[in-house]
Amino acid sequence: MNETGRIEAFSDGVFAIAITLLILEIKVPHELPAGALGRYLLHDWPSYLAFLASFFTIGVMWMNHHRLFTLIGGANDVLIGLNLLLLLGVTWIPYPTALLAEHLTTANERVAAVVYAGSFFAISIVFQVLWRYAMRIEGIILPECVVIAHSIHRQYRWGPLFYVIAILIGLFNGTACLIWSALLGIYFALPPKLWASH
């Protein structure tokens, strides 16, 4: 098993870049007619909503990634590979965010929403595989962290199902899909001790 410091440092960098790229999709307007700036800013509300939902979701993913790696005392090649796959998904998120923001009020809204929610569904699957692998392989989870690890497992296990619901919502309404995604961010930000068995 390898120590995990370099994995966490690299992952933090990737999360930071991905979350920063989100704001680059919100463009500053140029060459507008006099007095038109206010209308333009109001018209661009889909970009603000998509930015906030994705910023919050990526931020919560980073928080949960940090939670996991405070419990992980060692890593092998498989865990490192799964972590890279997770980071691949994280770096992808700015694209579906921009796609949904661009098409939120058009006839392409539902397709963009499904791509957006489907991206988070794929990431939730990788999160599940990574965490289940860490719990199953002896020597990865620190012995003193087993109890909290089981609480995290109970909290995370519904993640893929929740994002399937997001996809279904996206089939009907992109704005509702963004709101549901933000609510899921709140759910996954809750402290795992709430799922501790008594």
# chains A, B, ... in the order shown; residues from 1 in each chain; ligands from 1

$ residues_around --residues "His153 of chain A" --least-positions-apart "5" --cutoff "12 Å" --atoms "only C-alpha atoms" --output "list in words"
Asn64, Arg67, Leu68, Phe127, Gln128, Val129, Leu130, Trp131, Arg132, Tyr133, Ala134, Met135, Arg136, Val146, Val147, Ile148, Trp158, Gly159, Phe188, Pro192, Lys193, Leu194, Trp195, Ala196 and Ser197 of chain A

$ write_last_selection --atoms "C-alpha atoms" --output "mmCIF file, in the first residue's frame"
data_model
loop_
_atom_site.group_PDB
_atom_site.id
_atom_site.type_symbol
_atom_site.label_atom_id
_atom_site.label_comp_id
_atom_site.auth_asym_id
_atom_site.auth_seq_id
_atom_site.Cartn_x
_atom_site.Cartn_y
_atom_site.Cartn_z
ATOM 1 C CA ASN A 64 -16.804 14.039 0.393
ATOM 2 C CA ARG A 67 -13.924 12.810 4.024
ATOM 3 C CA LEU A 68 -13.106 9.506 2.359
ATOM 4 C CA PHE A 127 -17.762 7.120 -6.199
ATOM 5 C CA GLN A 128 -19.665 3.977 -5.190
ATOM 6 C CA VAL A 129 -17.125 1.625 -6.764
ATOM 7 C CA LEU A 130 -14.174 3.485 -5.227
ATOM 8 C CA TRP A 131 -15.691 3.535 -1.751
ATOM 9 C CA ARG A 132 -16.899 -0.074 -1.819
ATOM 10 C CA TYR A 133 -13.463 -1.179 -3.000
ATOM 11 C CA ALA A 134 -11.786 0.788 -0.189
ATOM 12 C CA MET A 135 -14.076 -0.839 2.380
ATOM 13 C CA ARG A 136 -13.619 -4.341 1.000
ATOM 14 C CA VAL A 146 -14.446 1.562 10.490
ATOM 15 C CA VAL A 147 -17.543 2.840 12.328
ATOM 16 C CA ILE A 148 -17.689 6.188 10.517
ATOM 17 C CA TRP A 158 -28.566 5.876 -2.636
ATOM 18 C CA GLY A 159 -26.480 8.272 -4.746
ATOM 19 C CA PHE A 188 -24.411 14.716 0.506
ATOM 20 C CA PRO A 192 -22.260 11.108 7.981
ATOM 21 C CA LYS A 193 -22.831 10.678 11.723
ATOM 22 C CA LEU A 194 -26.552 11.178 10.984
ATOM 23 C CA TRP A 195 -26.475 7.684 9.428
ATOM 24 C CA ALA A 196 -24.673 6.071 12.357
ATOM 25 C CA SER A 197 -26.389 2.938 13.617
#

$ closest_atom_pairs --of "segment 47-118 of chain A" --to "segment 163-168 of chain A" --cutoff "9 Å" --atoms "only C-alpha atoms" --output "JSON lines"
{"residue": "A:Ala113", "atom": "CA", "partner": "A:Ile167", "partner_atom": "CA", "distance": 7.3}
{"residue": "A:Val114", "atom": "CA", "partner": "A:Ile167", "partner_atom": "CA", "distance": 5.2}
{"residue": "A:Val115", "atom": "CA", "partner": "A:Ile167", "partner_atom": "CA", "distance": 8.1}
{"residue": "A:Tyr116", "atom": "CA", "partner": "A:Ile167", "partner_atom": "CA", "distance": 8.2}
{"residue": "A:Ala117", "atom": "CA", "partner": "A:Ile167", "partner_atom": "CA", "distance": 5.2}
{"residue": "A:Gly118", "atom": "CA", "partner": "A:Ile167", "partner_atom": "CA", "distance": 6.1}

$ atom_distance --atom1 "atom CA of Thr105 of chain A" --atom2 "atom CA of Trp45 of chain A"
10.0 Å

$ closest_residue --among "A:Cys145, A:Ile140, A:Val111, A:Leu87" --to "Met61 of chain A" --atoms "only C-alpha atoms"
A:Leu87

$ closest_residue --among "A:Gln155, A:Thr70, A:Ser11, A:Ser54" --to "Ala189 of chain A" --atoms "only C-alpha atoms"
A:Gln155

$ select_by_dssp --residues "segment 9-70 of chain A" --states "helix (DSSP H, G or I)" --output "PyMOL selection string"
chain A and resi 9-24+37-43+45-70

$ residues_around --residues "Thr106 of chain A" --least-positions-apart "4" --cutoff "12 Å" --atoms "only C-alpha atoms" --output "PyMOL selection string"
chain A and resi 46+99-102+110-113+173-175

$ write_last_selection --atoms "C-alpha atoms" --output "compact mmCIF listing (two decimals), in the first residue's frame"
# COMPACT_ATOMS: atom_id res chain seq x y z
CA PRO A 46 -29.72 30.10 -16.78
CA LEU A 99 -24.46 22.96 -22.33
CA LEU A 100 -27.44 23.13 -20.01
CA ALA A 101 -26.98 26.84 -19.33
CA GLU A 102 -26.93 27.52 -23.07
CA ARG A 110 -34.36 18.27 -22.01
CA VAL A 111 -31.46 16.70 -23.91
CA ALA A 112 -29.01 19.07 -22.20
CA ALA A 113 -30.55 18.30 -18.80
CA ASN A 173 -37.66 20.20 -17.12
CA GLY A 174 -34.06 21.42 -17.05
CA THR A 175 -34.58 24.01 -14.31

$ closest_residue --among "A:Ala182, A:Leu42, A:Ile19, A:Pro94" --to "Trp62 of chain A" --atoms "only C-alpha atoms"
A:Ile19

$ closest_residue --among "A:Arg157, A:Gly13, A:Ser119, A:Leu49" --to "Ile93 of chain A" --atoms "only C-alpha atoms"
A:Ser119

$ closest_residue --among "A:Ala53, A:Leu71, A:Ala36, A:Ile80" --to "Ile152 of chain A" --atoms "only C-alpha atoms"
A:Leu71

$ closest_residue --among "A:Leu22, A:Thr57, A:Asp44, A:Asn83" --to "Glu8 of chain A" --atoms "only C-alpha atoms"
A:Asn83

$ atom_distance --atom1 "atom CA of Ala149 of chain A" --atom2 "atom CA of Arg6 of chain A"
21.6 Å

$ atom_distance --atom1 "atom CA of Leu88 of chain A" --atom2 "atom CA of Phe10 of chain A"
12.4 Å
